>>> print(open('structure.cif').read())   # mmCIF, C-alpha atoms and all ligand atoms
data_run
#
loop_
_atom_site.label_atom_id
_atom_site.label_comp_id
_atom_site.auth_asym_id
_atom_site.auth_seq_id
_atom_site.Cartn_x
_atom_site.Cartn_y
_atom_site.Cartn_z
CA MET I 143 98.39 197.71 18.75
CA THR I 144 99.07 195.25 15.94
CA ARG I 145 97.92 195.89 12.37
CA SER I 146 95.49 192.97 12.69
CA GLU I 147 93.98 194.62 15.78
CA GLU I 148 93.72 197.97 13.99
CA LEU I 149 92.06 196.34 11.00
CA PHE I 150 89.66 194.42 13.23
CA ARG I 151 88.63 197.62 15.04
CA GLU I 152 87.89 199.26 11.72
CA ALA I 153 86.18 196.14 10.37
CA GLU I 154 83.85 195.93 13.38
CA LYS I 155 82.45 199.36 12.47
CA LEU I 156 81.77 198.32 8.91
CA ILE I 157 81.10 194.58 8.81
CA PRO I 158 78.91 192.65 11.30
CA GLY I 159 81.32 191.28 13.90
CA GLY I 160 84.20 192.52 11.72
CA VAL I 161 84.13 189.39 9.56
CA ASN I 162 82.39 188.02 6.51
CA SER I 163 81.83 184.59 8.05
CA PRO I 164 81.26 184.06 11.79
CA VAL I 165 83.82 181.31 12.39
CA ARG I 166 86.61 183.71 11.37
CA ALA I 167 85.86 186.04 14.27
CA PHE I 168 87.88 184.20 16.98
CA ARG I 169 85.02 185.07 19.37
CA SER I 170 84.75 181.63 20.89
CA VAL I 171 88.46 181.73 21.76
CA GLY I 172 88.29 185.30 23.08
CA MET I 173 90.91 186.62 20.67
CA THR I 174 91.26 189.05 17.80
CA PRO I 175 91.41 187.48 14.34
CA ARG I 176 94.66 187.64 12.44
CA PHE I 177 94.17 189.46 9.14
CA ILE I 178 95.87 187.44 6.45
CA ALA I 179 97.91 189.28 3.85
CA SER I 180 99.24 186.39 1.77
CA ALA I 181 99.78 182.64 1.68
CA GLU I 182 102.14 180.21 0.01
CA GLY I 183 102.39 176.43 0.32
CA ALA I 184 101.45 175.46 3.88
CA TYR I 185 102.07 178.95 5.31
CA LEU I 186 100.04 182.10 5.89
CA THR I 187 101.46 185.58 6.54
CA ASP I 188 99.38 188.10 8.44
CA ALA I 189 99.15 191.89 8.15
CA ASP I 190 101.94 192.25 10.74
CA GLY I 191 104.31 189.96 8.86
CA ASN I 192 103.84 186.98 11.25
CA ARG I 193 104.09 183.60 9.55
CA TYR I 194 101.86 180.68 10.50
CA LEU I 195 101.85 177.02 9.60
CA ASP I 196 98.29 176.67 8.31
CA TYR I 197 95.99 173.76 9.13
CA ILE I 198 92.81 175.34 7.77
CA GLY I 199 93.70 175.53 4.08
CA SER I 200 90.78 177.89 3.40
CA TRP I 201 88.56 175.25 5.07
CA GLY I 202 89.63 172.51 2.73
CA PRO I 203 90.20 173.45 -0.87
CA MET I 204 93.93 174.21 -0.76
CA ILE I 205 94.78 170.53 -0.97
CA LEU I 206 97.91 171.29 -3.06
CA GLY I 207 98.90 174.20 -0.82
CA HIS I 208 98.33 177.93 -1.17
CA ALA I 209 99.25 179.82 -4.35
CA ASN I 210 100.14 176.62 -6.11
CA PRO I 211 102.00 177.60 -9.32
CA LEU I 212 100.02 175.12 -11.46
CA VAL I 213 96.76 176.73 -10.39
CA LEU I 214 98.02 180.32 -10.55
CA GLU I 215 99.27 179.91 -14.10
CA LYS I 216 95.87 178.68 -15.33
CA VAL I 217 94.06 181.44 -13.43
CA GLU I 218 96.29 184.13 -14.94
CA GLU I 219 95.75 182.68 -18.41
CA ALA I 220 91.96 182.64 -17.91
CA CYS I 221 91.89 186.20 -16.49
CA ARG I 222 93.53 187.57 -19.62
CA LYS I 223 90.66 186.15 -21.67
CA GLY I 224 87.93 187.87 -19.64
CA LEU I 225 86.54 187.51 -16.14
CA SER I 226 82.91 186.55 -16.68
CA PHE I 227 80.67 186.05 -19.67
CA GLY I 228 77.39 184.84 -18.21
CA ALA I 229 77.42 182.40 -21.13
CA ALA I 230 78.47 178.82 -21.77
CA THR I 231 82.19 178.04 -22.02
CA GLU I 232 84.39 175.08 -22.98
CA ALA I 233 85.93 175.04 -19.48
CA GLU I 234 82.54 174.12 -17.97
CA VAL I 235 82.29 171.11 -20.27
CA ASP I 236 85.84 170.09 -19.35
CA MET I 237 85.02 170.43 -15.66
CA ALA I 238 81.78 168.42 -15.95
CA ARG I 239 83.58 165.68 -17.90
CA LEU I 240 86.39 165.53 -15.35
CA ILE I 241 84.05 165.30 -12.34
CA CYS I 242 81.92 162.62 -14.02
CA SER I 243 85.05 160.63 -14.85
CA MET I 244 86.44 160.90 -11.31
CA VAL I 245 83.24 160.12 -9.37
CA PRO I 246 81.40 156.99 -10.61
CA SER I 247 78.03 157.98 -9.08
CA ILE I 248 77.93 161.27 -11.01
CA GLU I 249 76.48 161.15 -14.51
CA MET I 250 75.57 164.85 -14.75
CA VAL I 251 76.70 167.85 -12.76
CA ARG I 252 75.67 171.48 -12.38
CA MET I 253 78.11 174.20 -11.28
CA VAL I 254 77.05 176.73 -8.66
CA ASN I 255 79.00 179.21 -6.52
CA SER I 256 79.25 177.69 -3.05
CA GLY I 257 78.50 174.61 -0.99
CA THR I 258 75.43 176.33 0.46
CA GLU I 259 74.05 176.83 -3.03
CA ALA I 260 74.93 173.26 -4.02
CA VAL I 261 73.00 171.81 -1.07
CA MET I 262 70.02 174.13 -1.51
CA SER I 263 69.81 173.12 -5.18
CA ALA I 264 70.36 169.38 -4.60
CA ILE I 265 67.53 169.36 -2.07
CA ARG I 266 65.25 171.13 -4.50
CA ALA I 267 66.18 168.60 -7.20
CA ALA I 268 65.51 165.70 -4.82
CA ARG I 269 62.12 167.16 -3.90
CA GLY I 270 61.26 167.78 -7.54
CA TYR I 271 62.33 164.28 -8.52
CA THR I 272 60.46 162.45 -5.77
CA GLY I 273 57.45 164.79 -5.47
CA ARG I 274 58.01 164.65 -1.68
CA ASP I 275 58.85 167.41 0.81
CA LYS I 276 60.56 165.96 3.87
CA ILE I 277 64.36 165.92 4.32
CA VAL I 278 66.36 164.08 6.95
CA LYS I 279 69.56 165.68 8.22
CA PHE I 280 71.82 164.82 11.15
CA GLU I 281 72.50 166.82 14.29
CA GLY I 282 75.89 168.50 14.08
CA CYS I 283 76.18 168.13 10.30
CA TYR I 284 76.52 171.45 8.54
CA HIS I 285 75.20 171.88 5.02
CA GLY I 286 75.60 175.61 4.55
CA HIS I 287 73.28 178.35 5.65
CA SER I 288 70.15 177.91 3.54
CA ASP I 289 66.95 178.15 5.63
CA SER I 290 65.93 174.50 5.66
CA MET I 291 69.39 173.32 6.74
CA LEU I 292 69.74 175.53 9.83
CA VAL I 293 68.35 172.90 12.15
CA LYS I 294 70.79 171.57 14.78
CA ALA I 295 73.59 172.58 12.44
CA GLY I 296 77.32 172.26 13.05
CA SER I 297 80.22 174.62 12.28
CA GLY I 298 79.74 178.30 13.29
CA VAL I 299 76.19 177.63 14.51
CA MET I 300 77.53 175.05 16.96
CA THR I 301 80.54 177.17 17.95
CA ALA I 302 78.31 180.09 18.82
CA GLY I 303 76.07 177.73 20.81
CA VAL I 304 73.05 178.82 18.77
CA PRO I 305 70.67 175.87 18.33
CA ASP I 306 68.90 177.33 15.32
CA SER I 307 69.15 180.63 13.49
CA SER I 308 66.62 183.38 13.98
CA GLY I 309 65.21 184.82 10.79
CA VAL I 310 64.23 181.38 9.54
CA PRO I 311 60.44 181.10 9.36
CA ALA I 312 59.07 177.94 11.02
CA GLY I 313 57.53 177.02 7.68
CA CYS I 314 61.00 176.70 6.14
CA THR I 315 62.11 174.00 8.56
CA GLN I 316 58.86 172.13 9.15
CA ASP I 317 59.91 169.48 6.66
CA THR I 318 63.45 169.13 8.02
CA LEU I 319 63.65 166.08 10.26
CA SER I 320 66.73 165.60 12.34
CA ALA I 321 68.39 162.33 13.28
CA VAL I 322 71.38 161.35 15.38
CA TYR I 323 74.68 160.74 13.57
CA ASN I 324 75.77 157.10 13.85
CA ASP I 325 72.41 156.10 15.35
CA ILE I 326 70.66 154.26 12.57
CA SER I 327 67.63 153.52 14.76
CA SER I 328 66.92 157.28 14.88
CA VAL I 329 66.71 157.23 11.07
CA GLU I 330 64.67 154.01 10.96
CA LYS I 331 62.12 155.61 13.29
CA LEU I 332 61.70 158.51 10.89
CA PHE I 333 61.29 156.12 7.95
CA ASP I 334 58.78 154.05 9.94
CA ALA I 335 56.77 157.18 10.70
CA CYS I 336 56.81 158.79 7.25
CA GLY I 337 59.16 156.99 4.85
CA SER I 338 56.95 157.62 1.82
CA GLU I 339 57.19 161.39 2.42
CA ILE I 340 60.98 161.62 2.72
CA ALA I 341 62.52 163.13 -0.41
CA ALA I 342 66.15 162.94 0.73
CA VAL I 343 68.56 162.02 3.45
CA ILE I 344 71.54 164.38 3.49
CA VAL I 345 74.69 163.46 5.38
CA GLU I 346 78.32 164.43 5.68
CA PRO I 347 79.89 160.99 5.13
CA VAL I 348 82.53 162.09 7.62
CA GLY I 349 81.07 164.66 9.99
CA ALA I 350 83.55 167.52 9.72
CA ASN I 351 81.61 170.45 11.16
CA MET I 352 81.18 169.21 14.74
CA GLY I 353 84.87 168.50 14.86
CA VAL I 354 85.65 165.32 12.95
CA VAL I 355 83.25 162.44 13.56
CA LEU I 356 83.69 159.20 11.66
CA PRO I 357 80.79 157.07 10.46
CA GLU I 358 80.67 153.83 12.43
CA LYS I 359 80.78 150.59 10.51
CA GLY I 360 77.44 149.95 8.84
CA PHE I 361 76.01 153.46 9.34
CA LEU I 362 76.44 154.75 5.79
CA GLU I 363 75.63 151.29 4.37
CA ARG I 364 72.31 151.22 6.21
CA LEU I 365 71.49 154.78 5.13
CA ARG I 366 72.10 153.64 1.56
CA SER I 367 69.77 150.66 1.90
CA LEU I 368 67.04 152.63 3.72
CA CYS I 369 67.04 155.22 0.94
CA THR I 370 66.93 152.58 -1.78
CA GLU I 371 64.08 150.69 -0.07
CA ASN I 372 62.02 153.87 0.36
CA GLY I 373 62.65 155.59 -2.99
CA THR I 374 64.48 158.37 -1.13
CA VAL I 375 67.43 160.27 -2.61
CA LEU I 376 70.66 159.80 -0.65
CA ILE I 377 72.71 163.02 -0.76
CA PHE I 378 76.34 162.94 0.33
CA ASP I 379 77.54 166.40 1.25
CA GLU I 380 81.17 166.13 0.20
CA VAL I 381 82.03 169.81 0.60
CA ILE I 382 84.79 168.75 2.99
CA THR I 383 85.52 165.16 1.96
CA GLY I 384 85.16 165.42 -1.83
CA PHE I 385 88.42 164.92 -3.79
CA ARG I 386 90.19 164.95 -0.40
CA LEU I 387 89.70 161.53 1.20
CA ALA I 388 90.17 159.86 -2.17
CA ARG I 389 89.90 160.68 -5.87
CA ALA I 390 86.15 160.03 -5.66
CA GLY I 391 85.92 161.35 -2.10
CA ALA I 392 84.19 159.58 0.76
CA GLN I 393 82.20 157.45 -1.68
CA GLU I 394 85.41 155.74 -2.75
CA TYR I 395 86.89 155.78 0.78
CA PHE I 396 83.89 153.93 2.22
CA GLY I 397 82.74 152.14 -0.93
CA ILE I 398 79.20 153.57 -0.98
CA GLN I 399 77.54 155.47 -3.79
CA ALA I 400 75.23 158.42 -3.24
CA ASP I 401 72.38 159.41 -5.57
CA LEU I 402 73.39 163.07 -5.45
CA THR I 403 76.62 164.63 -4.23
CA THR I 404 77.30 168.23 -3.25
CA TYR I 405 80.66 169.97 -3.47
CA GLY I 406 81.93 173.39 -2.51
CA LYS I 407 85.20 175.24 -2.62
CA ILE I 408 87.36 172.24 -3.49
CA ILE I 409 85.95 172.30 -7.03
CA GLY I 410 87.37 175.81 -7.43
CA GLY I 411 90.89 175.26 -6.11
CA GLY I 412 90.29 178.21 -3.80
CA MET I 413 87.93 180.24 -5.98
CA PRO I 414 84.24 180.52 -5.01
CA VAL I 415 82.65 177.45 -6.58
CA GLY I 416 80.26 174.65 -5.73
CA ALA I 417 78.57 171.88 -7.68
CA TYR I 418 75.92 169.21 -7.33
CA GLY I 419 75.61 166.13 -9.44
CA GLY I 420 74.50 162.54 -9.57
CA LYS I 421 72.21 160.19 -11.39
CA ARG I 422 71.12 161.42 -14.81
CA GLU I 423 67.42 160.73 -14.16
CA ILE I 424 67.54 162.97 -11.07
CA MET I 425 69.66 165.72 -12.60
CA GLU I 426 67.33 165.90 -15.61
CA VAL I 427 64.62 167.41 -13.43
CA VAL I 428 66.75 170.60 -13.32
CA ALA I 429 65.88 173.53 -15.65
CA PRO I 430 66.04 174.02 -18.57
CA VAL I 431 65.45 170.27 -19.11
CA GLY I 432 63.08 169.81 -16.18
CA SER I 433 60.85 171.85 -13.94
CA VAL I 434 63.17 172.44 -10.95
CA TYR I 435 64.45 175.98 -11.30
CA GLN I 436 68.03 176.85 -10.39
CA ALA I 437 70.29 179.44 -11.99
CA GLY I 438 73.31 181.75 -11.56
CA THR I 439 75.17 184.38 -13.59
CA LEU I 440 78.52 183.43 -12.09
CA SER I 441 77.92 179.68 -12.11
CA GLY I 442 80.74 178.01 -14.06
CA ASN I 443 82.71 181.26 -14.04
CA PRO I 444 85.71 180.86 -16.40
CA VAL I 445 88.36 181.95 -13.89
CA ALA I 446 86.97 179.68 -11.17
CA MET I 447 86.73 176.80 -13.65
CA ALA I 448 90.36 177.32 -14.66
CA ALA I 449 91.52 177.16 -11.02
CA GLY I 450 89.38 174.14 -10.21
CA LEU I 451 90.34 172.30 -13.40
CA ALA I 452 94.04 172.85 -12.72
CA GLN I 453 93.78 171.36 -9.24
CA LEU I 454 91.40 168.50 -10.05
CA THR I 455 93.35 167.54 -13.18
CA TYR I 456 96.48 167.26 -11.06
CA LEU I 457 94.70 165.15 -8.44
CA ASN I 458 93.21 162.93 -11.11
CA GLY I 459 96.62 162.30 -12.65
CA HIS I 460 98.48 161.80 -9.36
CA PRO I 461 96.71 159.17 -7.26
CA GLU I 462 99.86 158.97 -5.11
CA VAL I 463 98.73 162.27 -3.55
CA TYR I 464 96.10 160.34 -1.62
CA ASP I 465 98.66 157.89 -0.24
CA GLN I 466 100.82 160.85 0.75
CA LEU I 467 97.91 162.58 2.53
CA GLU I 468 96.92 159.34 4.25
CA LYS I 469 100.48 158.82 5.52
CA MET I 470 100.78 162.41 6.70
CA GLY I 471 97.43 162.07 8.49
CA GLU I 472 98.73 158.96 10.21
CA ARG I 473 101.88 160.81 11.31
CA LEU I 474 100.10 163.91 12.59
CA TYR I 475 96.90 162.53 14.05
CA GLY I 476 98.48 159.21 15.03
CA GLY I 477 101.19 161.28 16.75
CA MET I 478 98.50 163.27 18.58
CA GLU I 479 96.87 160.03 19.72
CA SER I 480 100.20 158.73 21.06
CA MET I 481 100.73 162.03 22.88
CA CYS I 482 97.26 161.75 24.48
CA ARG I 483 98.13 158.26 25.72
CA GLU I 484 101.64 159.22 26.88
CA LEU I 485 100.43 162.25 28.85
CA ALA I 486 97.13 160.63 29.88
CA LEU I 487 95.16 163.56 28.46
CA SER I 488 91.38 163.76 28.65
CA CYS I 489 91.28 164.17 24.89
CA GLN I 490 90.16 162.17 21.87
CA VAL I 491 91.66 162.30 18.40
CA ASN I 492 89.36 161.46 15.48
CA TYR I 493 90.69 161.31 11.95
CA ALA I 494 90.25 160.07 8.41
CA GLY I 495 93.12 160.60 5.99
CA SER I 496 94.14 164.25 5.94
CA LEU I 497 91.18 165.38 8.09
CA GLY I 498 91.34 165.25 11.84
CA CYS I 499 90.66 166.91 15.15
CA MET I 500 91.30 166.66 18.87
CA PHE I 501 88.32 166.83 21.21
CA PHE I 502 88.85 167.99 24.78
CA THR I 503 86.66 165.33 26.36
CA ARG I 504 87.01 161.93 28.04
CA GLU I 505 84.16 160.48 25.97
CA SER I 506 84.70 158.95 22.58
CA VAL I 507 83.08 161.30 20.11
CA THR I 508 80.57 159.68 17.79
CA ASP I 509 77.85 162.31 17.44
CA TYR I 510 76.74 165.87 18.21
CA ARG I 511 76.04 165.20 21.88
CA SER I 512 79.41 163.63 22.60
CA ALA I 513 81.17 166.37 20.57
CA LYS I 514 79.36 168.93 22.75
CA SER I 515 80.75 167.26 25.89
CA SER I 516 84.10 168.89 25.01
CA ASP I 517 85.64 171.40 27.36
CA THR I 518 85.74 174.47 25.10
CA GLU I 519 87.63 176.50 27.74
CA ALA I 520 90.45 173.96 27.64
CA PHE I 521 90.38 174.16 23.84
CA CYS I 522 90.88 177.97 24.04
CA GLY I 523 94.12 177.63 26.03
CA TYR I 524 95.46 175.10 23.55
CA PHE I 525 94.41 177.19 20.55
CA ARG I 526 96.09 180.31 21.94
CA HIS I 527 99.34 178.43 22.59
CA MET I 528 99.39 177.02 19.05
CA LEU I 529 98.69 180.40 17.44
CA GLU I 530 101.27 182.20 19.56
CA ASN I 531 103.78 179.58 18.44
CA GLY I 532 103.00 180.08 14.76
CA ILE I 533 100.45 177.32 14.14
CA TYR I 534 97.11 178.38 12.72
CA THR I 535 94.28 175.95 13.42
CA ALA I 536 90.53 176.59 13.33
CA PRO I 537 89.50 178.90 16.17
CA SER I 538 86.82 176.46 17.29
CA GLN I 539 86.63 173.05 18.92
CA PHE I 540 84.04 172.09 16.33
CA GLU I 541 86.06 172.37 13.11
CA ALA I 542 88.56 170.10 11.38
CA MET I 543 92.30 170.32 10.74
CA PHE I 544 93.27 169.98 7.09
CA LEU I 545 96.58 168.70 5.77
CA CYS I 546 97.83 169.60 2.30
CA THR I 547 100.61 168.25 0.10
CA ALA I 548 102.80 171.24 1.02
CA HIS I 549 103.04 170.16 4.68
CA THR I 550 106.40 168.55 5.35
CA GLU I 551 107.65 165.99 7.85
CA GLU I 552 109.40 168.88 9.57
CA ASP I 553 106.11 170.82 9.80
CA ILE I 554 104.39 167.85 11.39
CA ARG I 555 107.23 167.31 13.85
CA PHE I 556 107.15 170.99 14.81
CA THR I 557 103.36 170.79 15.29
CA LEU I 558 103.56 167.73 17.53
CA ASP I 559 106.43 169.27 19.55
CA THR I 560 104.47 172.49 20.02
CA MET I 561 101.41 170.55 21.21
CA HIS I 562 103.54 168.40 23.48
CA LYS I 563 105.07 171.46 25.17
CA TYR I 564 101.60 172.80 25.89
CA PHE I 565 100.20 169.57 27.30
CA GLU I 566 103.29 168.86 29.40
CA LYS I 567 102.32 171.98 31.34
CA HIS I 568 98.55 171.97 31.01
CA GLY I 569 97.57 168.32 30.49
N1 LIG I 601 81.67 176.21 7.74
C1 LIG I 601 82.80 175.87 6.99
C2 LIG I 601 83.81 175.19 7.85
N2 LIG I 601 83.30 174.23 8.65
C3 LIG I 601 83.38 177.04 6.24
C4 LIG I 601 83.87 178.15 7.08
C5 LIG I 601 82.88 179.26 7.22
O1 LIG I 601 81.73 179.02 7.60
O2 LIG I 601 83.32 180.38 6.98
#
>>> encode(input="structure.cif", output="structure tokens")
Amino acid sequence: MTRSEELFREAEKLIPGGVNSPVRAFRSVGMTPRFIASAEGAYLTDADGNRYLDYIGSWGPMILGHANPLVLEKVEEACRKGLSFGAATEAEVDMARLICSMVPSIEMVRMVNSGTEAVMSAIRAARGYTGRDKIVKFEGCYHGHSDSMLVKAGSGVMTAGVPDSSGVPAGCTQDTLSAVYNDISSVEKLFDACGSEIAAVIVEPVGANMGVVLPEKGFLERLRSLCTENGTVLIFDEVITGFRLARAGAQEYFGIQADLTTYGKIIGGGMPVGAYGGKREIMEVVAPVGSVYQAGTLSGNPVAMAAGLAQLTYLNGHPEVYDQLEKMGERLYGGMESMCRELALSCQVNYAGSLGCMFFTRESVTDYRSAKSSDTEAFCGYFRHMLENGIYTAPSQFEAMFLCTAHTEEDIRFTLDTMHKYFEKHG
């Protein structure tokens, strides 16, 4: 038995499903999770000493690679000064200033501890600001695990095939309306029916929790105009796309500004952080200025701020990183597309910059329904082959691949060769 298997056996007795987040469990691929002991650059090492080329990057934030020396140095420095004060610090002001300077739509920002918390708080702020209750979300978009967002959610909810979570009282989701990604008429119908009651529309500007699904031309633009016309707050959930697709995230990539934006782990360079921010007049409804309550002892934690500031400061000062990621995305995902054509595979490759994914379906994937048409059994065989050959991708058809600046040309070539070998036999 491997050390990972031993650890998993022990973990299953002590932790539900042996993991602290369902998508780590490898259940949907019928395997045992690898327990990770360390990581550096683009590589992970497991408890048995196996090395893997990593395409998860802690689900996004390790955009400069694991254990980046710039980040580690600042974290070590911050640790020596104390781990948590539960009081205001200079680093929080620096972080707020940096985010506001990088993202034009953000005039004020509040730090929290995760993307889930950021979304939960942004929705409360939108409701407080508008005095309305209803929220529109899209099928297959995942906005964390707060009660009102667990309606036709993506990510682990979709992987497990669970339409909605139990334990969520009906009352918590009665004001959550769901629409179809890329189908603007499904949103217009909701606005026609009750536009004056809709506090916010929340969307992943690139769907990255039902696999990767790109917004079709005009979709985000029309959402923007519908929200403006109806006095509704447009929330971009940029937990995955923020500071990754471009310096100002998807808003810069697609040229559309949100009213509020939510971020998660990327703000912390790998530490547990989230944030929400946007227009001053909306953010000023948040306590202690306004009447929308939201709080947290560890919010703006000095060690997390140090890690996040180190990474974001680097990204801010090195715009060439985004060209590099874009080119690498073109090589990897473009290479996957060519392979699909060459071998006539029943697969689709969707990508934007450093984010991408391959769907095991003949249909082009534009929404939750078409993503669900994927052959998840076929995905399992592919996943197993990649892992056994030292390439660590998300153990689910419905997650993204993430490139980081530590991936090399050689890594990408090796990845494409490894895929090619599999599909030559199993295509
Ligand atoms: N859901 C996120 C990825 N799509 C984070 C991973 C997790 O849930 O643990």
>>> closest_residue(input="structure.cif", among="I:Glu234, I:Glu346, I:Glu219, I:Glu182", to="Val251 (chain I)", atoms="all atoms listed in the file")
I:Glu234
>>> residues_near_ligand(input="structure.cif", ligand="ligand LIG 601 (chain I)", cutoff="7 Å", atoms="all atoms listed in the file", output="ChimeraX atom specification")
/I:163-166,201,286,297-298,350-351,541
>>> atom_distance(input="structure.cif", atom1="CA of Gly296 (chain I)", atom2="CA of Cys283 (chain I)")
5.1 Å
>>> residues_near_point(input="structure.cif", point="(105.7, 170.2, 16.5)", cutoff="12 Å", atoms="all atoms listed in the file", output="VMD selection string")
chain I and resid 195 473 to 475 477 to 478 481 528 531 to 533 550 to 564
>>> closest_residue(input="structure.cif", among="I:Glu472, I:Glu462, I:Asp317, I:Asp517", to="Gly498 (chain I)", atoms="all atoms listed in the file")
I:Glu472
>>> atom_distance(input="structure.cif", atom1="CA of Ala513 (chain I)", atom2="CA of Val354 (chain I)")
8.9 Å
>>> residues_around(input="structure.cif", residues="region 417-420 of chain I", least_positions_apart="3", cutoff="6 Å", atoms="all atoms listed in the file", output="ChimeraX atom specification")
/I:247-254,260,401-405
>>> decode(input="structure.cif", residues="region 341-359 of chain I", atoms="N, CA and C atoms", output="PDB file, in the first residue's frame")
ATOM      1  N   ALA I 341     -32.008  42.259  -7.103  1.00  0.00           N
ATOM      2  CA  ALA I 341     -30.917  43.031  -6.489  1.00  0.00           C
ATOM      3  C   ALA I 341     -29.636  42.887  -7.297  1.00  0.00           C
ATOM      4  N   ALA I 342     -29.342  41.652  -7.739  1.00  0.00           N
ATOM      5  CA  ALA I 342     -28.041  41.433  -8.402  1.00  0.00           C
ATOM      6  C   ALA I 342     -28.108  40.288  -9.392  1.00  0.00           C
ATOM      7  N   VAL I 343     -27.272  40.408 -10.392  1.00  0.00           N
ATOM      8  CA  VAL I 343     -26.973  39.279 -11.279  1.00  0.00           C
ATOM      9  C   VAL I 343     -25.528  38.924 -10.982  1.00  0.00           C
ATOM     10  N   ILE I 344     -25.286  37.655 -10.643  1.00  0.00           N
ATOM     11  CA  ILE I 344     -23.903  37.228 -10.384  1.00  0.00           C
ATOM     12  C   ILE I 344     -23.494  36.226 -11.458  1.00  0.00           C
ATOM     13  N   VAL I 345     -22.291  36.421 -11.995  1.00  0.00           N
ATOM     14  CA  VAL I 345     -21.850  35.557 -13.096  1.00  0.00           C
ATOM     15  C   VAL I 345     -20.342  35.349 -13.018  1.00  0.00           C
ATOM     16  N   GLU I 346     -19.912  34.157 -13.420  1.00  0.00           N
ATOM     17  CA  GLU I 346     -18.483  33.954 -13.668  1.00  0.00           C
ATOM     18  C   GLU I 346     -18.263  34.441 -15.102  1.00  0.00           C
ATOM     19  N   PRO I 347     -17.479  35.486 -15.309  1.00  0.00           N
ATOM     20  CA  PRO I 347     -17.347  36.021 -16.674  1.00  0.00           C
ATOM     21  C   PRO I 347     -16.785  34.987 -17.649  1.00  0.00           C
ATOM     22  N   VAL I 348     -15.964  34.076 -17.154  1.00  0.00           N
ATOM     23  CA  VAL I 348     -15.683  32.836 -17.894  1.00  0.00           C
ATOM     24  C   VAL I 348     -16.132  31.727 -16.949  1.00  0.00           C
ATOM     25  N   GLY I 349     -17.083  30.924 -17.377  1.00  0.00           N
ATOM     26  CA  GLY I 349     -17.520  29.817 -16.517  1.00  0.00           C
ATOM     27  C   GLY I 349     -16.341  28.876 -16.340  1.00  0.00           C
ATOM     28  N   ALA I 350     -15.924  28.651 -15.103  1.00  0.00           N
ATOM     29  CA  ALA I 350     -14.730  27.820 -14.902  1.00  0.00           C
ATOM     30  C   ALA I 350     -14.971  26.741 -13.861  1.00  0.00           C
ATOM     31  N   ASN I 351     -16.250  26.476 -13.590  1.00  0.00           N
ATOM     32  CA  ASN I 351     -16.607  25.444 -12.623  1.00  0.00           C
ATOM     33  C   ASN I 351     -17.592  24.438 -13.213  1.00  0.00           C
ATOM     34  N   MET I 352     -17.775  24.488 -14.546  1.00  0.00           N
ATOM     35  CA  MET I 352     -18.513  23.437 -15.259  1.00  0.00           C
ATOM     36  C   MET I 352     -17.589  22.998 -16.399  1.00  0.00           C
ATOM     37  N   GLY I 353     -16.286  22.903 -16.073  1.00  0.00           N
ATOM     38  CA  GLY I 353     -15.269  22.926 -17.099  1.00  0.00           C
ATOM     39  C   GLY I 353     -15.124  24.398 -17.455  1.00  0.00           C
ATOM     40  N   VAL I 354     -14.476  24.681 -18.580  1.00  0.00           N
ATOM     41  CA  VAL I 354     -14.320  26.088 -18.962  1.00  0.00           C
ATOM     42  C   VAL I 354     -15.316  26.409 -20.074  1.00  0.00           C
ATOM     43  N   VAL I 355     -16.150  27.407 -19.814  1.00  0.00           N
ATOM     44  CA  VAL I 355     -17.171  27.802 -20.790  1.00  0.00           C
ATOM     45  C   VAL I 355     -17.027  29.303 -21.038  1.00  0.00           C
ATOM     46  N   LEU I 356     -16.789  29.657 -22.272  1.00  0.00           N
ATOM     47  CA  LEU I 356     -16.548  31.067 -22.602  1.00  0.00           C
ATOM     48  C   LEU I 356     -17.855  31.820 -22.827  1.00  0.00           C
ATOM     49  N   PRO I 357     -17.874  33.095 -22.457  1.00  0.00           N
ATOM     50  CA  PRO I 357     -19.070  33.886 -22.760  1.00  0.00           C
ATOM     51  C   PRO I 357     -19.131  34.158 -24.262  1.00  0.00           C
ATOM     52  N   GLU I 358     -20.278  33.935 -24.859  1.00  0.00           N
ATOM     53  CA  GLU I 358     -20.395  34.234 -26.301  1.00  0.00           C
ATOM     54  C   GLU I 358     -20.445  35.743 -26.493  1.00  0.00           C
ATOM     55  N   LYS I 359     -20.102  36.154 -27.686  1.00  0.00           N
ATOM     56  CA  LYS I 359     -20.060  37.583 -27.994  1.00  0.00           C
ATOM     57  C   LYS I 359     -21.410  38.213 -27.645  1.00  0.00           C
TER      58      LYS I 359
END
